[in-house]
Amino acid sequence: MNKIQVQENLAEQKLVDELCEIIHNVVTSSSYEVEHENTLDYDCMTDDIDQHETEDSENEDPTFRTNREGYFNEQKDFLQNFTLDYMIKVINFYDEIDDRTNKRKHTWKGKIYEQHGAKRNKFNEIEAHVFDMFENARENYLPAHDLDLRRWALQKAKEISLGDFSASAHWVLMFKRRHNIVSRKVTKLVTRKTANDSEEIVKLVDKFIDDIRGELNNYRPEQVLNTDQVGLSKELHSRRTLTYKGEKTTVGVIQSHNAITHSYTIQPMISLAGHVVGPIYLCLQEPSGRFGERVKENLFRANNVIVTCSKSGKLDTTLVQCWFDHVFLPSTPRKSLLISDSWTGHKDPNIYAKSKGCKRVEIPKNTTDQIQPLDVFYNRQMKSIIRKMYDRVMLDQLSISLMERNNIIQLISLVHSQMSAPIFQNLIRYAWYASGYLDKHPGSFQTVKDVCFSLDGTTCQHNNCDSSPFIQCSWCRKILCFDDFFLSYHIH
Ligand SMILES: [Zn+2]
Ligand SMILES: [Zn+2]
């Protein structure tokens, strides 16, 4: 067998494995959820295309088109017939000097072409760059949107000093047409494995909620708490690797990543009053299970993150004890009702023995996706910020490794800070309402997407920065670029 055959066989085997896994997940799961997402993709006329977005773009005001861009767009089709080498040859030919007369052998309107030629090549550079970036996004199954195309174009324009290029809506539209790119709706099937319809589970859920509701009369909302660990992969290449709990699998993105072994764990806590409580607990994965002295000294210091580590990046009973002593006790009222799931690390009653005022109740097995507030609504919201960060690093091929421990600490610190803003109070209260603990809907609220990522394409508002926006801060409402948010550590 030659090398190519081997590679083909491996690829086939991979595909077969993926399909088997998907079929297995579908067969063994108890419920499904269909998610939709829009992304740009090539028009291959098979799947359903989201016409709506495409039409929107076409309805753009034609005055967006600046004269200069219009000119070069028209010129482009014609000029694309010639290679750069050919054009240089033509220029050299006309530039040739006659030795006798010391004048050009051939007449030409050199200056104009020189200027326009340089500019035109810059446009080609932008075009090629945006196309490369788009290809990278597709290869990595990252969702891409018009805003991303625009950002890449502007970044390149800045880099090659093409200051008057604005990457207008028209330019974006024409770019998409030139490369046969349309907006596509991606439908994903999320399977759930918890047996949430069985009679037994329904009974367990009802009883637990009834019991807790009875208890709630003895506590103020800020004394009722929920904590849970969330496992994250260091390489969030695709949606499939987001959770390692094995409860949910996204089908539709066929890509194999065994990055699950490289993971870290975060443990947030929320209160019935709608607050994020205390610092977030972060457990990194260290091969030896501990930080060396040098590493310890150089750890990124964030006030809202308590960092620990283990060999697996997961927590165990000892680490939960450490969480209770160093995170829970210093940040909660003396009297509290702590709701957490039946995961073994939480179970040991000795953990909670130090505090007489803390009563811990255990959510029954297989019911957390229905009655654990963090699971029901909060964690997914929090993870959407983390995912945005990973997506942006991958989309823009930034030279930041989100696998490095200090970058992980910084990232988790910023995400926790964003989630702690008062603007999310009703969102958190909704998580309790949606899990059955509150009778009254807390009222309208904005999601993370509404608050942080509904950017209208303006530029960064930090000092005189003119970079493309990444996030709108949930605290100060400033629109920030990736550098001013992440690298400059925009903490509140
Ligand atoms: Zn801010
Ligand atoms: Zn900026």
# chains A, B, ... in the order shown; residues from 1 in each chain; ligands from 1
>>> closest_atom_pairs(of="chain A", to="ligand 2", cutoff="10 Å", atoms="only C-alpha atoms and all ligand atoms", output="JSON lines")
{"residue": "A:Thr459", "atom": "CA", "partner": "ligand 2", "partner_atom_place_in_ligand_line": "1 (Zn)", "distance": 7.7}
{"residue": "A:Cys460", "atom": "CA", "partner": "ligand 2", "partner_atom_place_in_ligand_line": "1 (Zn)", "distance": 4.6}
{"residue": "A:Gln461", "atom": "CA", "partner": "ligand 2", "partner_atom_place_in_ligand_line": "1 (Zn)", "distance": 6.5}
{"residue": "A:His462", "atom": "CA", "partner": "ligand 2", "partner_atom_place_in_ligand_line": "1 (Zn)", "distance": 5.3}
{"residue": "A:Asn463", "atom": "CA", "partner": "ligand 2", "partner_atom_place_in_ligand_line": "1 (Zn)", "distance": 7.6}
{"residue": "A:Asn464", "atom": "CA", "partner": "ligand 2", "partner_atom_place_in_ligand_line": "1 (Zn)", "distance": 7.8}
{"residue": "A:Cys465", "atom": "CA", "partner": "ligand 2", "partner_atom_place_in_ligand_line": "1 (Zn)", "distance": 4.5}
{"residue": "A:Asp466", "atom": "CA", "partner": "ligand 2", "partner_atom_place_in_ligand_line": "1 (Zn)", "distance": 6.3}
{"residue": "A:Ser467", "atom": "CA", "partner": "ligand 2", "partner_atom_place_in_ligand_line": "1 (Zn)", "distance": 5.2}
{"residue": "A:Ser468", "atom": "CA", "partner": "ligand 2", "partner_atom_place_in_ligand_line": "1 (Zn)", "distance": 7.4}
{"residue": "A:Pro469", "atom": "CA", "partner": "ligand 2", "partner_atom_place_in_ligand_line": "1 (Zn)", "distance": 7.2}
{"residue": "A:Phe470", "atom": "CA", "partner": "ligand 2", "partner_atom_place_in_ligand_line": "1 (Zn)", "distance": 8.8}
{"residue": "A:Ile479", "atom": "CA", "partner": "ligand 2", "partner_atom_place_in_ligand_line": "1 (Zn)", "distance": 8.4}
{"residue": "A:Leu480", "atom": "CA", "partner": "ligand 2", "partner_atom_place_in_ligand_line": "1 (Zn)", "distance": 5.4}
{"residue": "A:Cys481", "atom": "CA", "partner": "ligand 2", "partner_atom_place_in_ligand_line": "1 (Zn)", "distance": 4.2}
{"residue": "A:Phe482", "atom": "CA", "partner": "ligand 2", "partner_atom_place_in_ligand_line": "1 (Zn)", "distance": 6.9}
{"residue": "A:Asp483", "atom": "CA", "partner": "ligand 2", "partner_atom_place_in_ligand_line": "1 (Zn)", "distance": 6.0}
{"residue": "A:Asp484", "atom": "CA", "partner": "ligand 2", "partner_atom_place_in_ligand_line": "1 (Zn)", "distance": 4.7}
{"residue": "A:Phe485", "atom": "CA", "partner": "ligand 2", "partner_atom_place_in_ligand_line": "1 (Zn)", "distance": 7.6}
{"residue": "A:Ser488", "atom": "CA", "partner": "ligand 2", "partner_atom_place_in_ligand_line": "1 (Zn)", "distance": 9.3}
>>> residues_near_ligand(ligand="ligand 1", cutoff="9 Å", atoms="only C-alpha atoms and all ligand atoms", output="PyMOL selection string")
chain A and resi 418+472-480+485+490-492
>>> atom_distance(atom1="atom CA of A:Val305", atom2="atom CA of A:Tyr281")
5.9 Å
>>> select_by_dssp(residues="stretch 355-468 of chain A", states="helix (DSSP H, G or I)", output="number ranges by chain")
A: 368-371, 373-395, 405-419, 422-434, 448-452
>>> residues_around(residues="A:Met382", least_positions_apart="6", cutoff="9 Å", atoms="only C-alpha atoms", output="mmCIF file with C-alpha atoms, in the first residue's frame")
data_model
loop_
_atom_site.group_PDB
_atom_site.id
_atom_site.type_symbol
_atom_site.label_atom_id
_atom_site.label_comp_id
_atom_site.auth_asym_id
_atom_site.auth_seq_id
_atom_site.Cartn_x
_atom_site.Cartn_y
_atom_site.Cartn_z
ATOM 1 C CA VAL A 415 -15.098 35.680 31.848
ATOM 2 C CA HIS A 416 -15.951 35.445 35.546
ATOM 3 C CA GLN A 418 -18.025 39.719 32.869
ATOM 4 C CA MET A 419 -20.573 37.261 34.286
ATOM 5 C CA VAL A 448 -24.635 37.164 27.088
#
>>> residues_around(residues="stretch 127-138 of chain A", least_positions_apart="3", cutoff="9 Å", atoms="only C-alpha atoms", output="PyMOL selection string")
chain A and resi 40-41+122-124+141-144+148-153+156+175+179+391+394-397
>>> residues_around(residues="stretch 203-215 of chain A", least_positions_apart="3", cutoff="12 Å", atoms="only C-alpha atoms", output="number ranges by chain")
A: 195-200, 218-221, 223-225, 272, 336-339, 341, 359-373, 432-439
>>> atom_distance(atom1="atom CA of A:His275", atom2="atom CA of A:Lys314")
25.2 Å
>>> atom_distance(atom1="atom CA of A:Leu19", atom2="atom CA of A:Ser233")
22.1 Å
>>> residues_around(residues="A:Lys356", least_positions_apart="6", cutoff="12 Å", atoms="only C-alpha atoms", output="PyMOL selection string")
chain A and resi 329+333-337+349-350
